[in-house]
$ cat entry13.csv   # CSV, C-alpha atoms
chain,number,residue,atom,x,y,z
A,1,MET,CA,40.9,-172.1,-110.9
A,2,SER,CA,43.8,-170.0,-109.7
A,3,ASN,CA,43.9,-167.9,-112.9
A,4,ILE,CA,40.2,-167.1,-113.1
A,5,PRO,CA,39.2,-164.0,-111.1
A,6,LEU,CA,36.5,-164.2,-108.4
A,7,GLU,CA,34.6,-161.5,-110.1
A,8,ALA,CA,34.1,-163.5,-113.3
A,9,CYS,CA,32.3,-166.3,-111.3
A,10,LEU,CA,30.2,-163.8,-109.4
A,11,LEU,CA,29.3,-162.0,-112.6
A,12,VAL,CA,28.0,-165.2,-114.2
A,13,SER,CA,25.8,-166.0,-111.2
A,14,THR,CA,24.6,-162.4,-111.1
A,15,VAL,CA,23.5,-162.5,-114.7
A,16,MET,CA,21.8,-165.8,-114.0
A,17,PHE,CA,20.0,-164.5,-110.9
A,18,PHE,CA,18.6,-161.4,-112.7
A,19,ALA,CA,17.6,-163.4,-115.7
A,20,GLY,CA,15.5,-165.3,-113.1
A,21,VAL,CA,14.1,-162.1,-111.7
A,22,TYR,CA,13.1,-160.9,-115.1
A,23,GLY,CA,11.4,-164.2,-115.9
A,24,PHE,CA,9.7,-164.3,-112.5
A,25,LEU,CA,8.2,-160.8,-113.1
A,26,SER,CA,7.3,-161.1,-116.8
A,27,ARG,CA,6.1,-164.6,-117.2
A,28,ARG,CA,2.4,-165.6,-116.8
A,29,ASN,CA,2.6,-169.4,-117.0
A,30,MET,CA,3.0,-171.0,-113.5
A,31,LEU,CA,5.6,-173.5,-114.8
A,32,THR,CA,7.8,-170.9,-116.4
A,33,ILE,CA,7.6,-168.8,-113.2
A,34,LEU,CA,8.8,-171.9,-111.3
A,35,MET,CA,11.6,-172.3,-113.8
A,36,SER,CA,12.8,-168.8,-113.2
A,37,LEU,CA,12.7,-169.5,-109.5
A,38,GLU,CA,15.0,-172.5,-110.2
A,39,LEU,CA,17.4,-170.2,-112.0
A,40,MET,CA,17.6,-167.9,-109.0
A,41,LEU,CA,18.2,-170.7,-106.5
A,42,ASN,CA,20.9,-172.1,-108.8
A,43,ALA,CA,22.7,-168.8,-108.9
A,44,ALA,CA,22.7,-168.7,-105.1
A,45,ASP,CA,24.2,-172.2,-105.1
A,46,ILE,CA,27.0,-171.1,-107.4
A,47,ASN,CA,27.7,-168.1,-105.2
A,48,PHE,CA,28.0,-170.4,-102.1
A,49,ALA,CA,30.4,-172.8,-103.8
A,50,VAL,CA,32.5,-170.0,-105.3
A,51,PHE,CA,32.9,-168.1,-102.1
A,52,ASN,CA,33.8,-171.3,-100.3
A,53,LYS,CA,36.4,-172.2,-102.8
A,54,TYR,CA,38.0,-168.7,-103.1
A,55,LEU,CA,37.8,-167.2,-99.7
A,56,PHE,CA,37.7,-170.1,-97.2
A,57,PRO,CA,39.5,-172.9,-99.0
A,58,GLY,CA,40.1,-175.1,-96.0
A,59,GLN,CA,36.5,-175.4,-94.9
A,60,LEU,CA,33.4,-176.9,-96.4
A,61,ASP,CA,30.7,-174.5,-95.2
A,62,GLY,CA,29.6,-173.1,-98.6
A,63,PHE,CA,29.8,-176.6,-100.1
A,64,PHE,CA,27.2,-177.9,-97.6
A,65,PHE,CA,25.0,-174.9,-97.9
A,66,SER,CA,24.7,-175.4,-101.6
A,67,LEU,CA,24.2,-179.2,-101.1
A,68,PHE,CA,21.3,-178.5,-98.7
A,69,ALA,CA,19.9,-175.8,-100.9
A,70,ILE,CA,19.7,-178.3,-103.8
A,71,GLY,CA,17.8,-180.7,-101.5
A,72,VAL,CA,15.4,-177.9,-100.4
A,73,SER,CA,14.8,-176.7,-103.9
A,74,ALA,CA,14.1,-180.3,-105.1
A,75,ALA,CA,11.4,-180.7,-102.3
A,76,GLU,CA,9.9,-177.3,-103.1
A,77,THR,CA,9.7,-178.0,-106.8
A,78,ALA,CA,8.1,-181.4,-106.3
A,79,ILE,CA,5.3,-179.9,-104.1
A,80,ALA,CA,4.9,-176.9,-106.4
A,81,ILE,CA,4.4,-179.1,-109.4
A,82,ALA,CA,1.9,-181.2,-107.6
A,83,ILE,CA,-0.1,-178.1,-106.7
A,84,ILE,CA,0.1,-176.8,-110.3
A,85,ILE,CA,-1.1,-180.1,-111.7
A,86,ASN,CA,-3.9,-180.1,-109.2
A,87,ILE,CA,-4.9,-176.6,-110.3
A,88,TYR,CA,-4.8,-177.7,-113.9
A,89,ARG,CA,-7.0,-180.6,-113.1
A,90,ASN,CA,-9.6,-178.4,-111.5
A,91,LEU,CA,-9.5,-175.3,-113.6
A,92,LYS,CA,-7.9,-176.4,-116.9
A,93,ASN,CA,-5.6,-173.4,-116.8
A,94,ILE,CA,-2.3,-172.5,-115.2
A,95,ASN,CA,-2.1,-168.9,-116.2
A,96,VAL,CA,-1.6,-166.7,-113.1
A,97,ASP,CA,-3.9,-164.1,-114.6
A,98,GLU,CA,-6.9,-166.4,-115.1
A,99,VAL,CA,-6.6,-168.6,-112.0
A,100,ASN,CA,-8.6,-166.5,-109.5
A,101,LYS,CA,-11.4,-168.8,-108.3
A,102,MET,CA,-10.3,-168.7,-104.7
A,103,LYS,CA,-10.1,-165.0,-104.6
A,104,PHE,CA,-13.1,-163.1,-103.2
B,1,MET,CA,45.1,-171.6,-120.4
B,2,ALA,CA,42.8,-174.5,-121.1
B,3,GLU,CA,41.1,-173.9,-117.8
B,4,GLN,CA,40.3,-170.3,-118.7
B,5,ILE,CA,38.9,-171.4,-122.1
B,6,ILE,CA,36.7,-174.0,-120.5
B,7,PHE,CA,35.5,-171.4,-117.9
B,8,TYR,CA,34.6,-168.8,-120.5
B,9,VAL,CA,32.8,-171.4,-122.6
B,10,LEU,CA,30.8,-172.4,-119.5
B,11,ALA,CA,30.1,-168.8,-118.6
B,12,ILE,CA,28.9,-167.9,-122.1
B,13,VAL,CA,26.7,-171.0,-122.1
B,14,ILE,CA,25.2,-170.1,-118.7
B,15,ILE,CA,24.5,-166.5,-119.6
B,16,VAL,CA,23.1,-167.1,-123.1
B,17,PHE,CA,20.9,-170.0,-122.2
B,18,SER,CA,19.6,-168.5,-118.9
B,19,ILE,CA,18.5,-165.4,-120.9
B,20,LEU,CA,17.0,-167.6,-123.6
B,21,SER,CA,15.1,-169.7,-121.1
B,22,VAL,CA,13.3,-166.7,-119.6
B,23,THR,CA,12.5,-165.1,-123.0
B,24,SER,CA,11.6,-168.2,-125.1
B,25,ARG,CA,7.9,-168.3,-126.2
B,26,ARG,CA,7.7,-172.1,-126.1
B,27,VAL,CA,7.5,-173.7,-122.7
B,28,LEU,CA,9.2,-176.9,-123.6
B,29,ARG,CA,12.0,-175.1,-125.3
B,30,ALA,CA,12.5,-172.9,-122.2
B,31,ALA,CA,12.8,-176.1,-120.1
B,32,THR,CA,15.4,-177.5,-122.5
B,33,TYR,CA,17.4,-174.2,-122.2
B,34,LEU,CA,17.1,-174.5,-118.4
B,35,LEU,CA,18.5,-178.0,-118.6
B,36,PHE,CA,21.6,-176.6,-120.5
B,37,VAL,CA,22.1,-174.0,-117.8
B,38,LEU,CA,21.9,-176.6,-115.0
B,39,LEU,CA,24.4,-178.8,-116.8
B,40,ALA,CA,26.8,-175.9,-117.4
B,41,THR,CA,26.5,-175.1,-113.7
B,42,ALA,CA,27.5,-178.7,-112.9
B,43,GLY,CA,30.5,-178.2,-115.1
B,44,LEU,CA,31.4,-175.1,-113.1
B,45,TYR,CA,31.3,-177.1,-109.9
B,46,LEU,CA,33.6,-179.7,-111.5
B,47,MET,CA,36.0,-176.9,-112.3
B,48,LEU,CA,35.9,-175.7,-108.7
B,49,GLY,CA,36.9,-179.2,-107.7
B,50,TYR,CA,33.7,-180.2,-106.0
B,51,GLN,CA,33.1,-183.6,-107.7
B,52,PHE,CA,30.4,-184.6,-105.2
B,53,LEU,CA,28.4,-181.4,-105.8
B,54,PHE,CA,28.8,-182.1,-109.6
B,55,GLY,CA,27.2,-185.5,-109.1
B,56,VAL,CA,24.4,-184.2,-107.0
B,57,GLN,CA,23.7,-181.4,-109.4
B,58,VAL,CA,23.5,-183.7,-112.4
B,59,SER,CA,21.5,-186.4,-110.7
B,60,VAL,CA,19.1,-184.2,-108.7
B,61,TYR,CA,18.6,-181.2,-111.0
B,62,ALA,CA,19.3,-182.4,-114.5
B,63,GLY,CA,18.0,-185.9,-113.8
B,64,GLY,CA,15.2,-185.5,-111.3
B,65,ILE,CA,13.7,-182.0,-111.4
B,66,MET,CA,13.9,-181.6,-115.2
B,67,VAL,CA,12.0,-184.8,-115.7
B,68,LEU,CA,9.3,-183.5,-113.4
B,69,TYR,CA,9.2,-180.2,-115.3
B,70,ILE,CA,9.0,-181.9,-118.7
B,71,PHE,CA,6.3,-184.3,-117.6
B,72,SER,CA,4.2,-181.5,-116.1
B,73,ILE,CA,4.7,-179.3,-119.2
B,74,LEU,CA,3.5,-182.2,-121.4
B,75,LEU,CA,0.5,-182.7,-119.1
B,76,THR,CA,-0.6,-179.1,-119.0
B,77,SER,CA,0.0,-177.8,-122.5
B,78,HIS,CA,-0.5,-178.9,-126.1
B,79,ALA,CA,2.5,-179.6,-128.3
B,80,GLY,CA,2.4,-176.5,-130.5
B,81,ASP,CA,1.3,-174.0,-127.9
B,82,ASN,CA,3.1,-170.8,-127.5
B,83,VAL,CA,3.0,-168.7,-124.4
B,84,LYS,CA,0.7,-165.7,-124.8
B,85,LYS,CA,2.3,-162.5,-125.7
B,86,VAL,CA,2.8,-160.3,-122.7
B,87,SER,CA,2.1,-156.6,-123.1
B,88,TRP,CA,4.9,-154.0,-122.9
B,89,LYS,CA,3.4,-152.6,-119.8
B,90,ARG,CA,4.2,-155.9,-118.0
B,91,LEU,CA,7.6,-156.4,-119.6
B,92,LEU,CA,8.9,-152.9,-119.0
B,93,PRO,CA,9.0,-153.0,-115.1
B,94,ALA,CA,10.3,-156.5,-115.2
B,95,GLY,CA,13.1,-155.6,-117.5
B,96,PHE,CA,13.8,-152.4,-115.6
B,97,ALA,CA,14.1,-154.3,-112.3
B,98,ALA,CA,16.4,-156.9,-113.8
B,99,VAL,CA,18.7,-154.4,-115.5
B,100,ALA,CA,18.8,-152.1,-112.4
B,101,GLY,CA,19.6,-155.0,-110.1
B,102,LEU,CA,22.2,-156.2,-112.5
B,103,ALA,CA,23.8,-152.8,-112.7
B,104,ILE,CA,23.9,-152.3,-108.9
B,105,CYS,CA,25.2,-155.8,-108.2
B,106,GLY,CA,27.8,-155.6,-111.0
B,107,HIS,CA,29.0,-152.2,-109.6
B,108,ILE,CA,29.3,-153.7,-106.1
B,109,ILE,CA,31.1,-156.8,-107.3
B,110,TYR,CA,33.5,-154.8,-109.5
B,111,HIS,CA,34.5,-152.3,-106.8
B,112,ASN,CA,34.3,-154.3,-103.6
B,113,VAL,CA,35.4,-157.8,-104.1
B,114,TYR,CA,39.0,-158.9,-103.5
B,115,LYS,CA,41.1,-158.5,-106.6
B,116,VAL,CA,43.8,-161.0,-105.7
B,117,VAL,CA,42.8,-164.5,-104.6
B,118,ASN,CA,45.1,-167.5,-104.7
B,119,VAL,CA,43.5,-170.8,-104.4
B,120,VAL,CA,45.9,-173.3,-102.8
B,121,ALA,CA,43.7,-175.8,-100.9
B,122,ALA,CA,43.3,-179.3,-102.1
B,123,ASP,CA,39.9,-180.5,-103.3
B,124,PRO,CA,37.8,-182.1,-100.5
B,125,THR,CA,37.9,-185.9,-100.5
B,126,MET,CA,34.9,-188.0,-100.2
B,127,GLN,CA,35.9,-189.1,-96.7
B,128,GLU,CA,36.2,-185.5,-95.6
B,129,ILE,CA,32.7,-184.7,-97.0
B,130,GLY,CA,31.2,-187.7,-95.2
B,131,LYS,CA,32.8,-186.9,-91.9
B,132,THR,CA,31.7,-183.2,-92.1
B,133,MET,CA,28.1,-184.3,-93.0
B,134,MET,CA,27.8,-186.8,-90.2
B,135,GLY,CA,29.7,-185.1,-87.4
B,136,THR,CA,28.3,-183.2,-84.5
B,137,ASP,CA,31.2,-180.8,-83.7
B,138,LYS,CA,31.7,-177.2,-84.8
B,139,ASN,CA,31.3,-176.8,-88.6
B,140,GLU,CA,29.8,-180.2,-89.0
B,141,TYR,CA,26.3,-180.8,-90.3
B,142,LEU,CA,24.4,-183.6,-88.8
B,143,LEU,CA,21.5,-181.4,-87.6
B,144,PRO,CA,20.8,-179.8,-91.0
B,145,PHE,CA,21.1,-183.3,-92.6
B,146,GLU,CA,18.3,-184.6,-90.3
B,147,ALA,CA,16.2,-181.4,-90.9
B,148,ILE,CA,16.5,-182.1,-94.6
B,149,SER,CA,15.4,-185.7,-94.1
B,150,VAL,CA,12.3,-184.5,-92.1
B,151,LEU,CA,11.6,-181.9,-94.8
B,152,LEU,CA,11.7,-184.6,-97.5
B,153,LEU,CA,9.4,-186.8,-95.5
B,154,ALA,CA,7.0,-183.9,-95.2
B,155,CYS,CA,7.3,-183.3,-98.9
B,156,ILE,CA,6.5,-187.0,-99.7
B,157,ILE,CA,3.4,-186.9,-97.5
B,158,GLY,CA,2.3,-183.5,-98.9
B,159,GLY,CA,2.7,-184.7,-102.4
B,160,ILE,CA,0.5,-187.7,-101.7
B,161,MET,CA,-2.1,-185.6,-100.0
B,162,ILE,CA,-2.2,-183.0,-102.8
B,163,ALA,CA,-2.2,-185.5,-105.7
B,164,ARG,CA,-4.6,-188.2,-104.5
B,165,LYS,CA,-8.0,-188.5,-106.0
B,166,ARG,CA,-10.9,-187.5,-103.8
$ encode --input "entry13.csv" --output "C-alpha cells"
Amino acid sequence: MSNIPLEACLLVSTVMFFAGVYGFLSRRNMLTILMSLELMLNAADINFAVFNKYLFPGQLDGFFFSLFAIGVSAAETAIAIAIIINIYRNLKNINVDEVNKMKF
Amino acid sequence: MAEQIIFYVLAIVIIVFSILSVTSRRVLRAATYLLFVLLATAGLYLMLGYQFLFGVQVSVYAGGIMVLYIFSILLTSHAGDNVKKVSWKRLLPAGFAAVAGLAICGHIIYHNVYKVVNVVAADPTMQEIGKTMMGTDKNEYLLPFEAISVLLLACIIGGIMIARKR
C-alpha cells in the first residue's frame, strides 16, 4: 500500500458515501433506502481502516472501530428488515409515500 | 505496480457499482450491485493488510446481510417489478445534495490531507487482534465487545417480538 496515496482511498469512500446520500434522498422503496444506508456505513468503515493503516500504523483503533461498526450495522439491518416485512404484512406496501396509516 | 493496478480496479468497481446500485430501477439488481460493492470493499481491506476484517466483511456483509436483503426483496416484490419513476422535483435536490457534498469533501481531502505517507508497520497478527479485543488496558476493547454482545441479544429479542404472529 506504500505507493498508493491516502487521498485515493479517501476519494473512493467519499464517492461511495455520497452515492448513499443520493439514494437515501431519492429512493422511495424502504428496502432500497436501507441499502443506501448500508453504503454510507460501509464508506465510514473504509475510512476508519484506511486512517488506521496510514496515519497510526502501530495501533489497532480504527480496525476495531470498523469491526464494531460492522456488528452494529448487521444488528440494525436485521431489525429494520423485520420491521419492513411486518409493515408489508399489514399494509401490503413498502413505499414510504404510501405508508402513512400511523400518521394523524 | 501490480498493487496499484489492483487498487485502481477495486476503486473503479466500487465507484461504478455504488452509483449503479442507487440508480438502478430494479430492486433485485440494485441488491446485486450492492453485493459487488461490498466484495470490492473486502478486497480493499485485504490490500490494507487486514485479513481478519476481510473475513468479517465477507461473512457478515456479503454472506449474512445480503441474504437477508435478497429474501426480503423476494418477499415484498414481484419478479418483474420496477421501482416507480421518481419525479424530477425529487431527484434534483437529492442530486444537488450529493454533488455539493462530494465537491466540498473532495476539496477538503485534496487540500488538507497529508501528501506523503509511508506505511511501514507490519500487518496485525491474529494473536495481536485477540489480545486487543479481550484486554482491559488502555486501547483495548473488552467493554465495547460486551456492549456489542448485549446489543446483539437485544436485537435477537426485538426480532422475535416484531416478527411473531399475534
$ residues_around --input "entry13.csv" --residues "Ala98 (chain B)" --least-positions-apart "3" --cutoff "7 Å" --atoms "only C-alpha atoms" --output "list in words"
Phe18, Ala19, Val21 and Tyr22 of chain A; Ala94, Gly95, Gly101 and Leu102 of chain B
$ residues_around --input "entry13.csv" --residues "Gly62 (chain A)" --least-positions-apart "6" --cutoff "7 Å" --atoms "only C-alpha atoms" --output "PyMOL selection string"
chain A and resi 48-49+51-52
$ residues_around --input "entry13.csv" --residues "Gln51 (chain B)" --least-positions-apart "3" --cutoff "12 Å" --atoms "all atoms listed in the file" --output "VMD selection string"
(chain A and resid 49 63 67) or (chain B and resid 42 to 48 54 to 58 123 to 126 129)
$ axis_aligned_box --input "entry13.csv" --around "region 28-47 of chain B" --padding-each-side "3 Å" --output "JSON"
{"center_x": 22.6, "center_y": -176.3, "center_z": -117.6, "size_x": 32.8, "size_y": 12.8, "size_z": 21.4}
$ atom_distance --input "entry13.csv" --atom1 "CA of Ala75 (chain A)" --atom2 "CA of Leu151 (chain B)"
7.6 Å
$ residues_around --input "entry13.csv" --residues "Ala103 (chain B)" --least-positions-apart "5" --cutoff "12 Å" --atoms "all atoms listed in the file" --output "list of chain:residue names"
A:Leu11, A:Thr14, A:Val15, A:Phe18, B:Phe96, B:Ala97, B:Ala98, B:Ile108, B:Ile109, B:Tyr110
$ closest_residue --input "entry13.csv" --among "B:Ala163, B:Phe71, B:Phe36, B:Arg29" --to "chain A" --atoms "only C-alpha atoms"
B:Ala163
$ closest_residue --input "entry13.csv" --among "A:Val12, A:Ile79, A:Val72, A:Ile84" --to "Val150 (chain B)" --atoms "all atoms listed in the file"
A:Val72
$ atom_distance --input "entry13.csv" --atom1 "CA of Gly20 (chain A)" --atom2 "CA of Met40 (chain A)"
5.3 Å
$ residues_around --input "entry13.csv" --residues "Leu39 (chain A)" --least-positions-apart "2" --cutoff "12 Å" --atoms "all atoms listed in the file" --output "ChimeraX atom specification"
/A:12-24,32-37,41-46,70,73 /B:14-15,17-22,30-31,33-38,41,61
$ closest_residue --input "entry13.csv" --among "B:His78, B:Arg26, B:Lys138, B:Arg164" --to "Arg27 (chain A)" --atoms "all atoms listed in the file"
B:Arg26
$ closest_residue --input "entry13.csv" --among "A:Val96, A:Leu91, A:Met102, A:Ala78" --to "chain B" --atoms "all atoms listed in the file"
A:Ala78
$ closest_residue --input "entry13.csv" --among "A:Glu76, A:Asn47, A:Asn90, A:Glu98" --to "chain B" --atoms "all atoms listed in the file"
A:Glu76
$ closest_residue --input "entry13.csv" --among "B:Ser24, B:Ile12, B:Lys85, B:Tyr69" --to "Ala82 (chain A)" --atoms "only C-alpha atoms"
B:Tyr69
$ atom_distance --input "entry13.csv" --atom1 "CA of Leu53 (chain B)" --atom2 "CA of Val113 (chain B)"
24.7 Å
$ build_atoms --input "entry13.csv" --residues "region 39-60 of chain B" --atoms "N, CA and C atoms" --output "short mmCIF file (atom, residue, chain, number, x, y, z; two decimals), keeping the file's coordinate frame"
data_model
loop_
_atom_site.label_atom_id
_atom_site.label_comp_id
_atom_site.auth_asym_id
_atom_site.auth_seq_id
_atom_site.Cartn_x
_atom_site.Cartn_y
_atom_site.Cartn_z
N LEU B 39 23.27 -177.99 -116.50
CA LEU B 39 24.40 -178.80 -116.80
C LEU B 39 25.71 -178.00 -116.83
N ALA B 40 25.63 -176.77 -117.36
CA ALA B 40 26.80 -175.90 -117.40
C ALA B 40 27.21 -175.55 -115.94
N THR B 41 26.21 -175.37 -115.06
CA THR B 41 26.50 -175.10 -113.70
C THR B 41 27.23 -176.29 -113.03
N ALA B 42 26.80 -177.51 -113.41
CA ALA B 42 27.50 -178.70 -112.90
C ALA B 42 28.93 -178.71 -113.37
N GLY B 43 29.16 -178.29 -114.62
CA GLY B 43 30.50 -178.20 -115.10
C GLY B 43 31.35 -177.20 -114.30
N LEU B 44 30.71 -176.09 -113.92
CA LEU B 44 31.40 -175.10 -113.10
C LEU B 44 31.79 -175.67 -111.75
N TYR B 45 30.92 -176.48 -111.14
CA TYR B 45 31.30 -177.10 -109.90
C TYR B 45 32.45 -178.05 -110.05
N LEU B 46 32.48 -178.75 -111.20
CA LEU B 46 33.60 -179.70 -111.50
C LEU B 46 34.90 -178.86 -111.58
N MET B 47 34.82 -177.68 -112.20
CA MET B 47 36.00 -176.90 -112.30
C MET B 47 36.48 -176.36 -110.95
N LEU B 48 35.53 -176.11 -110.04
CA LEU B 48 35.90 -175.70 -108.70
C LEU B 48 36.50 -176.80 -107.88
N GLY B 49 36.38 -178.03 -108.37
CA GLY B 49 36.90 -179.20 -107.70
C GLY B 49 35.97 -179.86 -106.73
N TYR B 50 34.68 -179.58 -106.88
CA TYR B 50 33.70 -180.20 -106.00
C TYR B 50 32.98 -181.33 -106.82
N GLN B 51 33.64 -182.49 -106.86
CA GLN B 51 33.10 -183.60 -107.70
C GLN B 51 31.76 -184.07 -107.14
N PHE B 52 31.63 -184.07 -105.81
CA PHE B 52 30.40 -184.60 -105.20
C PHE B 52 29.21 -183.67 -105.57
N LEU B 53 29.47 -182.35 -105.49
CA LEU B 53 28.40 -181.40 -105.80
C LEU B 53 28.03 -181.53 -107.31
N PHE B 54 29.03 -181.81 -108.14
CA PHE B 54 28.80 -182.10 -109.60
C PHE B 54 27.80 -183.24 -109.72
N GLY B 55 28.09 -184.34 -109.01
CA GLY B 55 27.20 -185.50 -109.10
C GLY B 55 25.82 -185.22 -108.63
N VAL B 56 25.73 -184.48 -107.50
CA VAL B 56 24.40 -184.20 -107.00
C VAL B 56 23.65 -183.27 -107.91
N GLN B 57 24.33 -182.28 -108.48
CA GLN B 57 23.70 -181.40 -109.40
C GLN B 57 23.14 -182.11 -110.61
N VAL B 58 23.97 -182.98 -111.19
CA VAL B 58 23.50 -183.70 -112.40
C VAL B 58 22.39 -184.64 -112.05
N SER B 59 22.50 -185.37 -110.93
CA SER B 59 21.50 -186.40 -110.70
C SER B 59 20.19 -185.77 -110.15
N VAL B 60 20.28 -184.76 -109.25
CA VAL B 60 19.10 -184.20 -108.70
C VAL B 60 18.42 -183.19 -109.63
#
